[in-house]
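Asker: First, the structure itself, so that you have it in front of you.
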Amino acid sequence: MRWIAPAVAAVALTGWLLLASLANPFGLPLPALGPFFDPGHGFWQNAGEGPRIKQLNFHLDHPVARGEIHFDDRGVPHIIAGSLEAACFLQGYVNAYDRIWQMDISTRSTEGALAQVLGESMAARDRAQIRRGFREMARRTVDTMRQDFPADYAAVQAYSDGVNAYLDQLDPDDYPLEYKLLGHRPLRWSPYRTALLLKGMSAGLSGRYADAEATRTRDWLGPAEFNNLFPERFPESSPVVPETRPADQVSAFSFFPNLTRPSAPPENAAPASPQDAYRYFPPDPDNGSNNWAVAGSRSNTRKPILASDPHLSLTYPSVWYEAQITFPGCNARGVGLVGAPGLMMGFNDYVAWGETNVGHDVTDWYRIDWTDESRDAYRLDGAETPTRWVNDTLRVKGEPDEIVRTPWTVFGPVPETEGPYAEMAMRWLAQDEPGKEVRPHTTVMTFLKLMQSRNYGDYVEALRGYVDPAQNFIFAARDGAIAIRPNGFFPLREPEEGRFIREGDSLKNAWSGTIPFEERPVAYRPGRGFVSSANQVTTGPDYPYYYLGFFDEYRGRYINRVLEEQPTMNQRRMKELQLDSYSLLAEEMVPYLLARVNRSTLTGEGRQLLRVLSEWDYRYEGDSRAPALFDDWSRRVYDLTFDELPRDSQLLRPELWKFNALLRDDPENIIFDIDSTTDVRETAAILTQRAFDEILDELEGTQPETWAGRRNARIEHLAKIPGFGSPLITTGGARSVPRVVSNEFGASWRMVIELGENPRGWGALPGGASGNPGSEFYDDGFEEWAEGRYHELTRWSRPVEPIGSWIFE
């Protein structure tokens, strides 16, 4: 066998000699291997830390390029600047240093410009992105910002100038590894690219809809059965804002009194599509988060404590970038998105804030009455209305440019030419970019203002400019205030509008506006002493405005139960709740699965397998076998139950709470009868037994695999480059529990903030500051995050033993 190693070496050497000078070998989007492996210029240059661990002075010809960046022992930058714009410039500079390829490729993904660097395989995806209007929306954002919000534009331009200042001094030898591997070069940054980043965030967090699927399912089942299987509200929900009533208190030191005046499916999701590679926020049915805050009356410090952990795609580099940003009037630490200025979650001397996804459906699809096949005009209110055509250029590496023509109607673009949404117009909230007559600032400024907030009034004012994707903005202040506001520009709709395909033949069917800011729900200094959200339904049934969406009804109920049962919380208990693997779904479903099994017919092996679940404590621990059995068993029973609605049928499937309600309350329901078995009338008990017997036969006397093995969760590189991801995640967690962990998905940041005269914070990031796989700060946070440990979020007033410092003079 000793000849194998020399043979492999010989083959590698032959390949090197044959392919070293060829770009795109075998048609793959790869560089010439010679330059890539060149010791003086290739990927070898990316090993180590480079400037991060050096003392450097910069003299840049830019009016706001002044300040300091100091790196702590985790590689996290601490930015000290003399103004907001200077802070934005320095943040742009250091973001580019650490993450320019991530910034570049993720905004290309939204823009529909991946094929330019990755070739023909991405052309169809790019074409779809262009037709959905992302370029047009980003252009609108920049135009509106430039015209109506000059201060916002100046901040984003300063950030862009910082990115480009870094690129101006970047030698090609020092390009990030991915540029060398894929053979392209960095894009220049601009406010347009920041707009693309934010529109990509909207796509991932508020781009979900099921209009065609709901319409088809209603037609298939009939209205009565549809309404039975798909009720709009879970009767046992624990809403984000349980009661919608005017706030009767205001924060101490607030300059904005009386601001709120209301007027009157199973565990493992389908694997991500290759088309979702390179995206910051790939669509996921569970894109969401947890957050909660307890008042001083429930805190061991007698001051509020806040916790926040967003659940998003887990990648290397990490979605979030950790930093401290200091300038006059602001000393904030937290995380932001590379590509945009500011911190989206964090704390300062006075307040802490975080977000979870609201989950409202803010997309409507309209059936257009075209005058002919050219689609140059359509009928609207009895009149022929000309189509507005938007032209964009699709560039494909090695191919001629293609002009993509997209028809736009008064409702929005018509992106699809085939499938269930073919030739329909898409009305999506992210298409809107309101001007100064509607709001005081843009979404970007929302986060820059939150960083500078001192009280509840500042927090409220910051949220007035925020449009989309709607978020549950949680807040706590050292003056004792806690609050949560589901916030965004929610469309005004009549009941069931937006649930099914709408007719596009009249403007009467268009949105009539958005819910006024003063009438959006809010919980402020609630009597129960805490606020929380975990992507559950937004309000109680008394809220006067209609909305629809996609809501998780298990994590939020469990978190609220724990908070109600705990009279006093501290920072340690807040962390424990973030890391809690208890499943309310399992607690409510397992007893009915066990009860439906005929134990008298079981063999010894069957009784042993059943005992695995009957003795389970409902915690999704990595080394436990019970979660894997429950996941497999419940999934099989679910699929058998809803055989009329197969997974690939473009039909809706009932929510898990409805499935469990049928198991519990109506086990003889006709829905349990399998269509293909005409000689048997199945019940819940028969299906449950059948699924259990199938599992028992397949195990052949062995035990179920561990939950960590079944879950098979890892963190992959953004481009799925082998060797640049994490090992198997073996600790606890699942999608239905507070500690959300799944393959390439989970808590992308954990944060606990203890308010007071000297606020303290703790955090955990599953990656690191650097996007360079050759850096020790690429994935140095993984072990801490996986094991449930946290690091303190220190805020420097002056450098404390930095590993490197950059002085901009």
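Numbering starts fresh at 1 for the residues of each chain in the structure tokens, the chains themselves are lettered A, B, ... in the order given, and ligands are numbered from 1 as they appear.
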Could you give me, as a compact mmCIF listing (two decimals) with all heavy atoms, in the first residue's frame, each residue of region 514-728 of chain A that DSSP assigns to strand (DSSP E) when run on this structure's backbone?
Answerer:
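Output contents, as saved in selection_31.txt:
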# COMPACT_ATOMS: atom_id res chain seq x y z
N ALA A 523 -45.98 47.32 23.95
CA ALA A 523 -46.04 46.98 25.37
C ALA A 523 -44.96 47.82 26.06
O ALA A 523 -43.78 47.70 25.74
CB ALA A 523 -45.78 45.50 25.58
N TYR A 524 -45.37 48.69 26.97
CA TYR A 524 -44.46 49.62 27.62
C TYR A 524 -44.70 49.59 29.13
O TYR A 524 -45.82 49.77 29.58
CB TYR A 524 -44.68 51.03 27.07
CG TYR A 524 -43.88 52.11 27.76
CD1 TYR A 524 -42.50 52.00 27.85
CD2 TYR A 524 -44.51 53.21 28.30
CE1 TYR A 524 -41.75 52.98 28.46
CE2 TYR A 524 -43.76 54.21 28.93
CZ TYR A 524 -42.39 54.09 29.02
OH TYR A 524 -41.65 55.05 29.65
N PHE A 530 -42.34 42.07 32.40
CA PHE A 530 -41.42 41.64 31.35
C PHE A 530 -42.07 41.83 29.99
O PHE A 530 -43.30 41.92 29.88
CB PHE A 530 -40.97 40.18 31.54
CG PHE A 530 -42.06 39.16 31.35
CD1 PHE A 530 -42.37 38.65 30.09
CD2 PHE A 530 -42.78 38.68 32.44
CE1 PHE A 530 -43.36 37.70 29.90
CE2 PHE A 530 -43.78 37.72 32.27
CZ PHE A 530 -44.08 37.23 31.00
N VAL A 531 -41.24 41.91 28.97
CA VAL A 531 -41.67 41.92 27.57
C VAL A 531 -40.86 40.86 26.85
O VAL A 531 -39.72 40.56 27.24
CB VAL A 531 -41.48 43.30 26.90
CG1 VAL A 531 -42.43 44.33 27.49
CG2 VAL A 531 -40.03 43.79 27.05
N SER A 532 -41.45 40.28 25.80
CA SER A 532 -40.71 39.22 25.11
C SER A 532 -41.29 39.00 23.73
O SER A 532 -42.43 39.38 23.44
CB SER A 532 -40.79 37.90 25.90
OG SER A 532 -42.07 37.33 25.79
N SER A 533 -40.49 38.36 22.88
CA SER A 533 -40.97 37.92 21.58
C SER A 533 -40.12 36.77 21.10
O SER A 533 -38.93 36.70 21.39
CB SER A 533 -40.96 39.05 20.54
OG SER A 533 -39.64 39.42 20.20
N GLU A 716 -21.19 26.26 7.61
CA GLU A 716 -20.45 26.18 6.37
C GLU A 716 -19.92 27.56 5.96
O GLU A 716 -20.43 28.59 6.39
CB GLU A 716 -21.34 25.63 5.25
CG GLU A 716 -21.90 24.24 5.51
CD GLU A 716 -20.87 23.15 5.44
OE1 GLU A 716 -19.73 23.44 5.00
OE2 GLU A 716 -21.17 22.01 5.82
N HIS A 717 -18.91 27.55 5.11
CA HIS A 717 -18.45 28.79 4.50
C HIS A 717 -19.56 29.34 3.60
O HIS A 717 -20.35 28.59 3.03
CB HIS A 717 -17.18 28.53 3.68
CG HIS A 717 -16.58 29.76 3.08
ND1 HIS A 717 -16.93 30.21 1.83
CD2 HIS A 717 -15.65 30.63 3.55
CE1 HIS A 717 -16.25 31.30 1.55
NE2 HIS A 717 -15.46 31.58 2.57
Asker: Could you tell me which of A:Leu793, A:Leu450, A:Ile305, A:Val444 comes closest to Arg573 (chain A) if we count only C-alpha atoms?
Answerer: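 Result for the nearest residue to Arg573 (chain A): A:Ile305.
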Asker: How would you write, as number ranges by chain, the set of residues in region 513-620 of chain A that DSSP gives as alpha helix (DSSP H)?
Answerer: A: 555-565, 571-578, 584-595, 604-614
Asker: Got a sec: who's within 8 Å of region 133-141 of chain A, counting only C-alpha atoms, leaving out chain neighbours fewer than 5 positions off, as a count of residues only?
Answerer: 13
Asker: So how many Å separate CA of Arg131 (chain A) and CA of Thr406 (chain A), to one decimal?
Answerer: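 Computing the Euclidean distance for CA of Arg131 (chain A) and CA of Thr406 (chain A) yields 5.5 Å.
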Asker: Within 7 Å of Val404 (chain A), counting only C-alpha atoms, which residues show up once you throw out same-chain ones fewer than 2 positions away? Write them as a list in words, please.
Answerer: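 My reading of the contact set: Asn391, Asp392, Thr393, Leu394, Glu402 and Thr406 of chain A.
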Asker: Excluding region 290-303 of chain A and any residue of its chain fewer than 4 positions from it, enumerate the residues within 7 Å of it, using only C-alpha atoms, and give them as a list of chain:residue names.
Answerer: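 That gives A:Ala307, A:Ser308, A:Asp309, A:Pro310, A:Glu355, A:Thr356, A:Ala476, A:Arg478, A:Gly480, A:Ile482, A:Gly529, A:Phe530, A:Val531, A:Ser532, A:Ser533, A:Ala534, A:Pro567, A:Thr568, A:Met569, A:Asn570, A:Leu755, A:Gly756.
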Asker: Let me see the file: selected residues, N, CA and C atoms, as a PDB file, in the first residue's frame.
Answerer:
ATOM      1  N   ALA A 307     -32.197  40.395  27.020  1.00  0.00           N
ATOM      2  CA  ALA A 307     -31.555  39.298  26.290  1.00  0.00           C
ATOM      3  C   ALA A 307     -32.046  39.313  24.850  1.00  0.00           C
ATOM      4  N   SER A 308     -31.142  39.008  23.926  1.00  0.00           N
ATOM      5  CA  SER A 308     -31.517  38.981  22.505  1.00  0.00           C
ATOM      6  C   SER A 308     -30.639  37.986  21.784  1.00  0.00           C
ATOM      7  N   ASP A 309     -31.255  37.103  20.987  1.00  0.00           N
ATOM      8  CA  ASP A 309     -30.467  36.189  20.145  1.00  0.00           C
ATOM      9  C   ASP A 309     -31.193  35.939  18.832  1.00  0.00           C
ATOM     10  N   PRO A 310     -30.707  36.553  17.744  1.00  0.00           N
ATOM     11  CA  PRO A 310     -31.329  36.382  16.424  1.00  0.00           C
ATOM     12  C   PRO A 310     -31.000  35.025  15.811  1.00  0.00           C
ATOM     13  N   GLU A 355     -33.719  42.913  18.304  1.00  0.00           N
ATOM     14  CA  GLU A 355     -34.842  42.691  17.401  1.00  0.00           C
ATOM     15  C   GLU A 355     -35.113  41.200  17.197  1.00  0.00           C
ATOM     16  N   THR A 356     -36.378  40.904  16.953  1.00  0.00           N
ATOM     17  CA  THR A 356     -36.771  39.603  16.396  1.00  0.00           C
ATOM     18  C   THR A 356     -37.667  39.875  15.194  1.00  0.00           C
ATOM     19  N   ALA A 476     -34.693  48.330  26.761  1.00  0.00           N
ATOM     20  CA  ALA A 476     -34.595  48.463  28.212  1.00  0.00           C
ATOM     21  C   ALA A 476     -33.669  49.636  28.507  1.00  0.00           C
ATOM     22  N   ARG A 478     -31.726  52.176  31.709  1.00  0.00           N
ATOM     23  CA  ARG A 478     -31.266  52.172  33.089  1.00  0.00           C
ATOM     24  C   ARG A 478     -32.205  52.958  33.997  1.00  0.00           C
ATOM     25  N   GLY A 480     -35.215  52.316  34.206  1.00  0.00           N
ATOM     26  CA  GLY A 480     -36.221  51.350  34.610  1.00  0.00           C
ATOM     27  C   GLY A 480     -37.214  50.969  33.540  1.00  0.00           C
ATOM     28  N   ILE A 482     -38.906  49.353  30.295  1.00  0.00           N
ATOM     29  CA  ILE A 482     -38.778  48.256  29.335  1.00  0.00           C
ATOM     30  C   ILE A 482     -39.937  48.396  28.352  1.00  0.00           C
ATOM     31  N   GLY A 529     -44.250  42.815  34.282  1.00  0.00           N
ATOM     32  CA  GLY A 529     -42.836  42.990  34.599  1.00  0.00           C
ATOM     33  C   GLY A 529     -41.868  42.448  33.572  1.00  0.00           C
ATOM     34  N   PHE A 530     -42.336  42.068  32.405  1.00  0.00           N
ATOM     35  CA  PHE A 530     -41.418  41.639  31.354  1.00  0.00           C
ATOM     36  C   PHE A 530     -42.071  41.834  29.994  1.00  0.00           C
ATOM     37  N   VAL A 531     -41.239  41.911  28.969  1.00  0.00           N
ATOM     38  CA  VAL A 531     -41.671  41.920  27.574  1.00  0.00           C
ATOM     39  C   VAL A 531     -40.860  40.856  26.855  1.00  0.00           C
ATOM     40  N   SER A 532     -41.448  40.281  25.798  1.00  0.00           N
ATOM     41  CA  SER A 532     -40.713  39.222  25.110  1.00  0.00           C
ATOM     42  C   SER A 532     -41.294  39.003  23.731  1.00  0.00           C
ATOM     43  N   SER A 533     -40.491  38.364  22.881  1.00  0.00           N
ATOM     44  CA  SER A 533     -40.974  37.917  21.579  1.00  0.00           C
ATOM     45  C   SER A 533     -40.122  36.765  21.097  1.00  0.00           C
ATOM     46  N   ALA A 534     -40.764  35.861  20.378  1.00  0.00           N
ATOM     47  CA  ALA A 534     -40.063  34.732  19.760  1.00  0.00           C
ATOM     48  C   ALA A 534     -40.791  34.355  18.481  1.00  0.00           C
ATOM     49  N   PRO A 567     -39.718  34.662  39.720  1.00  0.00           N
ATOM     50  CA  PRO A 567     -39.936  35.988  40.316  1.00  0.00           C
ATOM     51  C   PRO A 567     -38.736  36.908  40.186  1.00  0.00           C
ATOM     52  N   THR A 568     -37.540  36.321  40.117  1.00  0.00           N
ATOM     53  CA  THR A 568     -36.324  37.135  40.025  1.00  0.00           C
ATOM     54  C   THR A 568     -35.382  36.518  39.002  1.00  0.00           C
ATOM     55  N   MET A 569     -34.938  37.337  38.064  1.00  0.00           N
ATOM     56  CA  MET A 569     -33.969  36.895  37.067  1.00  0.00           C
ATOM     57  C   MET A 569     -32.637  37.595  37.309  1.00  0.00           C
ATOM     58  N   ASN A 570     -31.569  36.937  36.915  1.00  0.00           N
ATOM     59  CA  ASN A 570     -30.246  37.565  36.889  1.00  0.00           C
ATOM     60  C   ASN A 570     -29.593  37.247  35.558  1.00  0.00           C
ATOM     61  N   LEU A 755     -28.573  46.399  32.727  1.00  0.00           N
ATOM     62  CA  LEU A 755     -28.597  47.855  32.788  1.00  0.00           C
ATOM     63  C   LEU A 755     -28.275  48.344  34.196  1.00  0.00           C
ATOM     64  N   GLY A 756     -27.863  49.586  34.298  1.00  0.00           N
ATOM     65  CA  GLY A 756     -27.520  50.191  35.579  1.00  0.00           C
ATOM     66  C   GLY A 756     -26.633  51.401  35.347  1.00  0.00           C
TER      67      GLY A 756
END
